[in-house]
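Please read the structure below before turning to the comments.
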Amino acid sequence: MTAAEPLAPKPFAPKSEFLKVLAERGYVHQCSDFAGVDAAAAEGRLTCYVGYDCTAASLHIGHLLSIMMLHWLQKTGGRPIALMGGGTTRVGDPSGRDESRKILSLEQIEANKAGIQKTFARFLAFDGSPTGAIMVDNADWLTKLNYIEMLRDVGRHFSVNRMMSMDSVRMRLERDQELSFLEFNYMILQSYDFVELNRRHGCTMQMGGSDQWGNIVNGIDLGRRMGVPGLTGLTCPLLTTASGAKMGKTAAGAVWLDAEMLKPYDYWQFWRNTEDADVERFLKLFTFLPLPEIAELAAKGGGGINEAKVRLATEATALMHGREAADAAAETARKTFVEGTLAEDLPSVTVSRDLVDAGLGVLSAFGPEYAKLVPSTSEARRQIKSGGLRIDDVVLTDERAVLRTADFAKNGVLKLSFGKKRHVLLRVA
């Protein structure tokens, strides 16, 4: 078995509700054994994990697809495992990266882990039932491994030749970019996670993005060599938008799932700004709406596509932040874009009067220090040159402009806008 094998029989008609749902909604990219996974799911004996390294205080949109897959696994009678990478984060996954990840302190890793754990309760039931979700940390076993024993018991099953052929390694070397010995070991640790989760929790399948296929296949192979046969893997596609852009990236940076790092209104707006051609696909992937209802929304076409986008934004936001926050975001957008009024519950940031008295440069006001509408002052300059930034709906043309107290005289608030749909209220206190 090689990392390049799609192993997707055509045609394949799944019998299990799990694979039916995943196939109908568009989650399936590759699977190592469709028939085996289908049989295990149909018999209610499928336990599956997805791993999440603790590299930031929040997960982002890129992680949401696999979380939804864990949800549907549990919904259809399987048992999901959310694996926290407290151990593997100390090494860093080289997959899809041109440079090494930043080495985090143990305190940072623990703080990040605490932040991302909160997300899963909205999608999985950790209720102790036979299908109840499990959350574990691979630091529990990886940090206890003896190096010599690890080399003898696990490392001997890996071929350096084959490791060098994996995309995560090969692509870095082909570009003459450094790959540390630390990162080179990542695939061994992830493979061992699979074996350990089978021994501890009866886990027989790993899911992840398609960039994880090589690591998953390694885990399947390691299991066979270490007396744990029958492991399987399934990947979802790495999503891009209809225009080819990477899903989940905006001019202001990553689309975080934590409300402290991205306000629910901004999260709602991200989904509302979905390209027309992506609406039906994203409704299937990122909401729980029944497929007939999605088909009805998608069939409206024309002006009806905006109704579908609003529904997508509201349903996706409700899943992540609750129905109340989603409805509030939708109402704020309605007031802002339909009525043209200044909705007081738009995202806001407060600056001190002393700062404004001294003069607040517009580049700083729009940048990451205050409104966070753009990721840097250089990006603010670019947007000003192209007419992309506005203050109280007036296009900003001077990058050297300074906001002073008199500019806030009307009501103590200025509306800063990036494009037509992203707004932040700048208040003085």
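Ligands are numbered from 1 in the order shown, residues from 1 within each chain, and chains are lettered A, B, ... in the order they appear in the structure tokens.
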
For Lys75 of chain A, find every residue with an atom within 9 Å (counting only C-alpha atoms), except residues of its own chain fewer than 2 positions away, and show them as a VMD selection string.
chain A and resid 18 70 to 73 77 to 78 124 131

Run DSSP on the backbone and grab whatever in segment 10-225 of chain A lands in helix (DSSP H, G or I); send it over as a PyMOL selection string.
chain A and resi 17-25+34-42+61-75+88-90+106-120+139-142+147-153+155-157+160-165+167-174+181-184+186-201+210-225

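Here atom CA of Arg311 of chain A stands at a distance of 9.8 Å from atom CA of Ile294 of chain A.
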
Enumerate the residues of segment 277-421 of chain A with a DSSP assignment of strand (DSSP E), computed from the backbone, and present them as a PDB file with C-alpha atoms, in the first residue's frame.
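See selection.pdb below for the written result:
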```pdb
ATOM      1  CA  SER A 348     -16.586  47.182  18.144  1.00  0.00           C
ATOM      2  CA  VAL A 349     -13.278  48.207  19.617  1.00  0.00           C
ATOM      3  CA  THR A 350     -12.690  50.977  22.114  1.00  0.00           C
ATOM      4  CA  VAL A 351      -9.725  53.360  22.101  1.00  0.00           C
ATOM      5  CA  LEU A 360      -4.626  57.818  15.730  1.00  0.00           C
ATOM      6  CA  GLY A 361      -3.244  56.926  12.296  1.00  0.00           C
ATOM      7  CA  LEU A 389     -11.269  50.921   3.138  1.00  0.00           C
ATOM      8  CA  ARG A 390     -13.971  53.343   4.255  1.00  0.00           C
ATOM      9  CA  ILE A 391     -14.774  55.454   7.300  1.00  0.00           C
ATOM     10  CA  VAL A 394     -16.592  57.427   2.796  1.00  0.00           C
ATOM     11  CA  VAL A 395     -13.722  55.891   0.826  1.00  0.00           C
ATOM     12  CA  VAL A 402      -5.046  60.712  11.325  1.00  0.00           C
ATOM     13  CA  LEU A 403      -8.229  60.314  13.353  1.00  0.00           C
ATOM     14  CA  VAL A 413     -18.395  56.282  17.138  1.00  0.00           C
ATOM     15  CA  LEU A 414     -16.837  55.779  13.703  1.00  0.00           C
ATOM     16  CA  LYS A 415     -17.704  52.884  11.395  1.00  0.00           C
ATOM     17  CA  LEU A 416     -14.591  51.405   9.806  1.00  0.00           C
ATOM     18  CA  SER A 417     -15.293  49.230   6.768  1.00  0.00           C
ATOM     19  CA  PHE A 418     -13.239  46.828   4.680  1.00  0.00           C
TER      20      PHE A 418
END
```

Can you list, as number ranges by chain, every protein, DNA or RNA residue that comes within 6 Å of segment 220-233 of chain A when you count only C-alpha atoms, leaving out same-chain residues fewer than 3 positions away?
A: 31-32, 195, 204-207, 217

Deliver the residues from the most recent selection as a file, using N, CA and C atoms, as a PDB file, in the first residue's frame.
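As written to disk, out_13.pdb reads:
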```pdb
ATOM      1  N   CYS A  31     -10.281   6.292   0.984  1.00  0.00           N
ATOM      2  CA  CYS A  31     -10.508   5.329   2.056  1.00  0.00           C
ATOM      3  C   CYS A  31      -9.664   4.095   1.779  1.00  0.00           C
ATOM      4  N   SER A  32      -9.040   3.563   2.806  1.00  0.00           N
ATOM      5  CA  SER A  32      -8.160   2.411   2.612  1.00  0.00           C
ATOM      6  C   SER A  32      -8.933   1.112   2.408  1.00  0.00           C
ATOM      7  N   VAL A 195      -1.847   2.868  16.790  1.00  0.00           N
ATOM      8  CA  VAL A 195      -1.692   1.574  17.454  1.00  0.00           C
ATOM      9  C   VAL A 195      -2.110   1.678  18.919  1.00  0.00           C
ATOM     10  N   THR A 204     -10.320   1.605  15.365  1.00  0.00           N
ATOM     11  CA  THR A 204      -9.919   0.893  14.146  1.00  0.00           C
ATOM     12  C   THR A 204      -9.817   1.797  12.921  1.00  0.00           C
ATOM     13  N   MET A 205     -10.157   3.080  13.069  1.00  0.00           N
ATOM     14  CA  MET A 205     -10.082   3.962  11.907  1.00  0.00           C
ATOM     15  C   MET A 205      -9.586   5.345  12.305  1.00  0.00           C
ATOM     16  N   GLN A 206      -8.799   5.936  11.416  1.00  0.00           N
ATOM     17  CA  GLN A 206      -8.374   7.317  11.571  1.00  0.00           C
ATOM     18  C   GLN A 206      -8.921   8.129  10.408  1.00  0.00           C
ATOM     19  N   MET A 207      -9.425   9.319  10.718  1.00  0.00           N
ATOM     20  CA  MET A 207      -9.882  10.237   9.681  1.00  0.00           C
ATOM     21  C   MET A 207      -9.035  11.507   9.729  1.00  0.00           C
ATOM     22  N   VAL A 217      -1.740   6.051   6.323  1.00  0.00           N
ATOM     23  CA  VAL A 217      -1.314   4.782   5.745  1.00  0.00           C
ATOM     24  C   VAL A 217      -0.155   4.193   6.552  1.00  0.00           C
TER      25      VAL A 217
END
```
